[in-house]
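Text of coords16.txt, listed as compact mmCIF, C-alpha atoms and all ligand atoms:
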```
# COMPACT_ATOMS: atom_id res chain seq x y z
CA MET A 1 -5.93 190.83 207.60
CA ASP A 2 -2.19 190.23 207.74
CA ASN A 3 -0.66 186.85 208.53
CA LYS A 4 0.77 187.90 211.89
CA THR A 5 -2.62 189.08 213.15
CA LEU A 6 -4.22 185.81 212.02
CA ALA A 7 -1.42 183.83 213.70
CA LEU A 8 -1.98 185.68 216.97
CA LYS A 9 -5.62 184.59 216.75
CA ALA A 10 -4.41 180.97 216.51
CA ILE A 11 -2.48 181.50 219.73
CA GLU A 12 -5.69 182.85 221.28
CA ALA A 13 -7.57 179.77 220.02
CA LYS A 14 -5.30 177.48 222.06
CA LYS A 15 -7.13 178.55 225.19
CA TYR A 16 -10.27 176.81 223.93
CA SER A 17 -8.46 173.52 223.28
CA LEU A 18 -9.14 170.46 225.43
CA PRO A 19 -6.13 168.11 225.14
CA THR A 20 -7.03 166.11 228.24
CA TYR A 21 -4.69 163.19 227.46
CA SER A 22 -1.75 164.59 225.45
CA ASN A 23 -1.69 168.01 227.13
CA PHE A 24 -0.54 169.28 223.71
CA HIS A 25 -2.50 172.47 223.09
CA VAL A 26 -3.11 173.47 219.47
CA GLY A 27 -5.03 176.49 218.20
CA ALA A 28 -6.18 177.32 214.68
CA SER A 29 -7.73 180.42 213.15
CA LEU A 30 -9.41 180.18 209.76
CA LEU A 31 -9.91 183.33 207.68
CA THR A 32 -12.80 183.53 205.20
CA ASP A 33 -12.74 185.48 201.93
CA GLU A 34 -14.93 188.10 203.54
CA GLY A 35 -12.66 188.55 206.54
CA ARG A 36 -14.46 186.51 209.18
CA ILE A 37 -12.37 184.36 211.51
CA TYR A 38 -13.29 180.96 212.97
CA LEU A 39 -11.22 179.67 215.87
CA GLY A 40 -10.65 176.04 216.79
CA GLY A 41 -8.79 174.07 219.43
CA ASN A 42 -7.97 170.37 219.55
CA ILE A 43 -10.46 168.33 221.55
CA GLU A 44 -9.60 164.90 222.96
CA THR A 45 -11.83 162.15 224.33
CA SER A 46 -11.17 159.00 226.38
CA SER A 47 -11.49 157.01 223.15
CA TYR A 48 -8.30 158.60 221.83
CA SER A 49 -8.89 158.10 218.12
CA LEU A 50 -12.02 160.25 218.33
CA THR A 51 -9.84 163.29 218.93
CA ILE A 52 -10.34 166.22 216.60
CA CYS A 53 -7.48 168.53 215.67
CA ALA A 54 -7.68 172.30 216.02
CA GLU A 55 -7.71 172.81 212.24
CA ARG A 56 -10.70 170.54 211.69
CA THR A 57 -12.57 172.09 214.61
CA ALA A 58 -12.16 175.50 212.94
CA VAL A 59 -13.09 174.35 209.44
CA PHE A 60 -16.14 172.35 210.55
CA LYS A 61 -17.36 175.30 212.64
CA ALA A 62 -17.04 177.58 209.61
CA ILE A 63 -18.65 175.18 207.11
CA SER A 64 -21.52 174.48 209.49
CA GLU A 65 -22.17 178.21 209.77
CA GLY A 66 -22.49 178.51 205.99
CA GLU A 67 -18.97 179.63 205.03
CA ARG A 68 -17.64 178.28 201.74
CA LYS A 69 -14.71 180.49 200.65
CA PHE A 70 -11.47 180.75 202.59
CA LYS A 71 -8.16 182.57 202.35
CA SER A 72 -5.87 181.13 204.98
CA ILE A 73 -5.52 179.19 208.20
CA ALA A 74 -3.04 179.78 211.01
CA VAL A 75 -1.86 177.10 213.43
CA ALA A 76 -0.12 177.50 216.80
CA SER A 77 1.05 175.15 219.54
CA ASP A 78 3.27 175.51 222.61
CA ALA A 79 6.11 173.54 221.02
CA PRO A 80 9.27 175.48 220.15
CA GLY A 81 9.02 174.61 216.46
CA PHE A 82 6.28 175.16 213.92
CA CYS A 83 3.24 172.86 214.20
CA PRO A 84 2.16 171.86 210.69
CA PRO A 85 -1.30 170.34 210.11
CA CYS A 86 -1.45 166.53 210.31
CA GLY A 87 -2.14 164.49 207.18
CA ALA A 88 -5.85 164.09 207.89
CA CYS A 89 -6.28 167.85 208.36
CA ARG A 90 -4.38 168.57 205.13
CA GLN A 91 -6.87 166.43 203.21
CA VAL A 92 -9.92 167.98 204.91
CA LEU A 93 -8.59 171.51 204.38
CA PHE A 94 -7.80 170.84 200.71
CA ASP A 95 -11.28 169.42 200.09
CA LEU A 96 -13.23 172.09 201.97
CA CYS A 97 -11.05 175.21 201.65
CA GLY A 98 -8.98 174.66 198.49
CA ASP A 99 -5.35 175.69 198.10
CA ILE A 100 -5.29 178.25 200.93
CA ASP A 101 -2.28 179.74 202.70
CA VAL A 102 -1.13 177.92 205.83
CA VAL A 103 0.41 180.26 208.39
CA LEU A 104 2.54 178.63 211.07
CA ILE A 105 3.72 180.43 214.19
CA ASN A 106 6.29 179.19 216.71
CA ASN A 107 6.64 180.13 220.35
CA LYS A 108 8.95 183.05 219.45
CA GLU A 109 6.08 184.44 217.36
CA GLU A 110 8.03 183.82 214.14
CA ILE A 111 5.88 183.09 211.10
CA LYS A 112 6.22 180.66 208.20
CA VAL A 113 3.70 180.74 205.32
CA LEU A 114 3.15 177.83 202.91
CA LYS A 115 0.52 177.00 200.31
CA LEU A 116 -1.56 173.98 201.31
CA SER A 117 -0.53 172.34 198.00
CA GLU A 118 3.09 172.43 199.19
CA LEU A 119 2.04 170.41 202.23
CA LEU A 120 -0.16 168.06 200.18
CA PRO A 121 1.31 167.65 196.70
CA LEU A 122 -0.65 165.54 194.22
CA ALA A 123 -3.70 165.79 196.45
CA PHE A 124 -6.63 163.46 196.04
CA SER A 125 -9.80 165.46 195.53
CA LYS A 126 -13.33 165.24 194.15
CA LYS A 127 -11.84 165.58 190.64
CA GLU A 128 -10.69 161.96 190.98
CA LEU A 129 -14.18 160.69 191.74
CA ILE A 130 -15.99 159.51 188.64
N1 LIG A 201 -3.05 168.17 216.79
C1 LIG A 201 -3.73 169.23 216.25
O1 LIG A 201 -4.72 169.70 216.83
N2 LIG A 201 -3.29 169.75 215.10
C2 LIG A 201 -2.16 169.36 214.45
O2 LIG A 201 -1.84 169.94 213.43
C3 LIG A 201 -1.34 168.27 214.98
C4 LIG A 201 -1.90 167.56 216.16
C5 LIG A 201 -3.49 167.63 218.06
C6 LIG A 201 -4.14 166.29 218.01
C7 LIG A 201 -3.93 165.81 219.45
O3 LIG A 201 -4.99 166.35 220.24
C8 LIG A 201 -2.64 166.48 219.88
O4 LIG A 201 -2.41 167.51 218.94
C9 LIG A 201 -1.45 165.54 219.92
O5 LIG A 201 -1.30 164.86 218.73
```
Go through the file and emit its structure as structure tokens.
Amino acid sequence: MDNKTLALKAIEAKKYSLPTYSNFHVGASLLTDEGRIYLGGNIETSSYSLTICAERTAVFKAISEGERKFKSIAVASDAPGFCPPCGACRQVLFDLCGDIDVVLINNKEEIKVLKLSELLPLAFSKKELI
């Protein structure tokens, strides 16, 4: 699957988001090695810090359905610029998906592709745990 198609899936995923308090809709689409796609939207609760980002929704859905190998994740919001994953999501993605491609799409449907390791250099990982 090409990056643009995956990014358009992230736009589609925004419609499942539930940003009750921020009204900032984010969608993510996670592509497995075998070509399956898991969508996620951000979900907010009245206890704000219990919010989950779109990226983690997608990755936890995939992991909990037995997926273990991933190629890339796309992220979309309604903001004019690119919406990069937050720090917490970078860590979770690195631990559970490895150094995948991160595909960002802005509201002009322009694409930017980065490796996760560019977004999280010198990442902490299970290798550090002794
Ligand atoms: N958010 C995401 O879902 N993904 C990101 O990459 C950045 C932020 C969400 C969290 C919260 O629901 C809203 O955007 C505003 O921060």
Distance of CA of Asp78 (chain A) from CA of Cys97 (chain A), expressed in Å to one decimal place: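 The value is 25.4 Å.
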Option closest in space to ligand LIG 201 (chain A), from A:Asn3, A:Ser29, A:Gln91, A:Thr57 [counting all atoms listed in the file]: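 Nearest candidate to ligand LIG 201 (chain A) out of A:Asn3, A:Ser29, A:Gln91, A:Thr57: A:Thr57.
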If you count only C-alpha atoms and all ligand atoms, which residues end up within 6 Å of ligand LIG 201 (chain A), as a tab-separated table (two decimals) with C-alpha atoms, in the coordinates of the input?
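Listing of result.tsv after writing:
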```tsv
chain	number	residue	atom	x	y	z
A	19	PRO	CA	-6.13	168.11	225.14
A	22	SER	CA	-1.75	164.59	225.45
A	24	PHE	CA	-0.54	169.28	223.71
A	26	VAL	CA	-3.11	173.47	219.47
A	42	ASN	CA	-7.97	170.37	219.55
A	43	ILE	CA	-10.46	168.33	221.55
A	44	GLU	CA	-9.60	164.90	222.96
A	51	THR	CA	-9.84	163.29	218.93
A	53	CYS	CA	-7.48	168.53	215.67
A	54	ALA	CA	-7.68	172.30	216.02
A	83	CYS	CA	3.24	172.86	214.20
A	84	PRO	CA	2.16	171.86	210.69
A	85	PRO	CA	-1.30	170.34	210.11
A	86	CYS	CA	-1.45	166.53	210.31
```
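Restricting the calculation to all atoms listed in the file, the smallest distance between Lys115 (chain A) and any of A:Leu18, A:Ile130, A:Ala88, A:Ile100 is found for A:Ile100.
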Between CA of Tyr21 (chain A) and CA of Asp101 (chain A) - distance in Å to one decimal: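 Going from CA of Asp101 (chain A) over to CA of Tyr21 (chain A), I get 29.9 Å.
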Atomic distance CA of Asp99 (chain A) - CA of Glu128 (chain A), expressed in Å with one decimal: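 CA of Glu128 (chain A) lies 16.4 Å from CA of Asp99 (chain A).
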Output as a Markdown table one row per residue of region 4-115 of chain A within 10 Å of region 122-127 of chain A: the closest atom pair and its distance in Å to one decimal place, counting all atoms listed in the file, sorted by chain and residue number ascending.
```
| residue | atom | partner | partner_atom | distance |
| --- | --- | --- | --- | --- |
| A:Arg90 | CA | A:Ala123 | CA | 9.1 |
| A:Gln91 | CA | A:Ala123 | CA | 7.5 |
| A:Val92 | CA | A:Ser125 | CA | 9.7 |
| A:Phe94 | CA | A:Ser125 | CA | 7.7 |
| A:Asp95 | CA | A:Ser125 | CA | 6.2 |
| A:Leu96 | CA | A:Ser125 | CA | 9.9 |
| A:Gly98 | CA | A:Ser125 | CA | 9.7 |
```
Expected residue set, 7 Å radius at (-0.8, 182.7, 212.4), only C-alpha atoms, as a list of chain:residue names: A:Asn3, A:Lys4, A:Thr5, A:Leu6, A:Ala7, A:Leu8, A:Lys9, A:Ala10, A:Ala74, A:Val75, A:Ala76, A:Val103, A:Leu104, A:Ile105, A:Ile111
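With only C-alpha atoms as the atoms that count, the residue of A:Lys69, A:Lys112, A:His25, A:Arg56 with the shortest distance to Gly40 (chain A) is A:Arg56.
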A:Ile52, A:Leu116, A:Leu39, A:Ile11 ranked by distance to Ala79 (chain A), top pick (using all atoms listed in the file): A:Ile11
Complete region 80-92 of chain A at the level of N, CA and C atoms, written as a PDB file, in the coordinates of the input.
```
ATOM      1  N   PRO A  80       8.356 174.442 220.627  1.00  0.00           N
ATOM      2  CA  PRO A  80       9.270 175.480 220.150  1.00  0.00           C
ATOM      3  C   PRO A  80       9.259 175.646 218.623  1.00  0.00           C
ATOM      4  N   GLY A  81       9.013 174.534 217.926  1.00  0.00           N
ATOM      5  CA  GLY A  81       9.020 174.610 216.460  1.00  0.00           C
ATOM      6  C   GLY A  81       7.653 174.944 215.892  1.00  0.00           C
ATOM      7  N   PHE A  82       7.557 174.937 214.566  1.00  0.00           N
ATOM      8  CA  PHE A  82       6.280 175.160 213.920  1.00  0.00           C
ATOM      9  C   PHE A  82       5.445 173.877 214.009  1.00  0.00           C
ATOM     10  N   CYS A  83       4.132 174.026 214.114  1.00  0.00           N
ATOM     11  CA  CYS A  83       3.240 172.860 214.200  1.00  0.00           C
ATOM     12  C   CYS A  83       2.437 172.768 212.907  1.00  0.00           C
ATOM     13  N   PRO A  84       2.889 171.955 211.953  1.00  0.00           N
ATOM     14  CA  PRO A  84       2.160 171.860 210.690  1.00  0.00           C
ATOM     15  C   PRO A  84       0.935 170.963 210.834  1.00  0.00           C
ATOM     16  N   PRO A  85      -0.105 171.187 210.031  1.00  0.00           N
ATOM     17  CA  PRO A  85      -1.300 170.340 210.110  1.00  0.00           C
ATOM     18  C   PRO A  85      -0.971 168.868 209.845  1.00  0.00           C
ATOM     19  N   CYS A  86      -1.649 167.963 210.536  1.00  0.00           N
ATOM     20  CA  CYS A  86      -1.450 166.530 210.310  1.00  0.00           C
ATOM     21  C   CYS A  86      -1.998 166.151 208.929  1.00  0.00           C
ATOM     22  N   GLY A  87      -1.708 164.948 208.506  1.00  0.00           N
ATOM     23  CA  GLY A  87      -2.140 164.490 207.180  1.00  0.00           C
ATOM     24  C   GLY A  87      -3.646 164.532 206.987  1.00  0.00           C
ATOM     25  N   ALA A  88      -4.380 164.103 208.007  1.00  0.00           N
ATOM     26  CA  ALA A  88      -5.850 164.090 207.890  1.00  0.00           C
ATOM     27  C   ALA A  88      -6.373 165.513 207.710  1.00  0.00           C
ATOM     28  N   CYS A  89      -5.823 166.451 208.467  1.00  0.00           N
ATOM     29  CA  CYS A  89      -6.280 167.850 208.360  1.00  0.00           C
ATOM     30  C   CYS A  89      -5.919 168.431 206.997  1.00  0.00           C
ATOM     31  N   ARG A  90      -4.759 168.070 206.462  1.00  0.00           N
ATOM     32  CA  ARG A  90      -4.380 168.570 205.130  1.00  0.00           C
ATOM     33  C   ARG A  90      -5.424 168.167 204.100  1.00  0.00           C
ATOM     34  N   GLN A  91      -5.861 166.905 204.167  1.00  0.00           N
ATOM     35  CA  GLN A  91      -6.870 166.430 203.210  1.00  0.00           C
ATOM     36  C   GLN A  91      -8.195 167.174 203.394  1.00  0.00           C
ATOM     37  N   VAL A  92      -8.632 167.299 204.639  1.00  0.00           N
ATOM     38  CA  VAL A  92      -9.920 167.980 204.910  1.00  0.00           C
ATOM     39  C   VAL A  92      -9.845 169.440 204.466  1.00  0.00           C
TER      40      VAL A  92
END
```
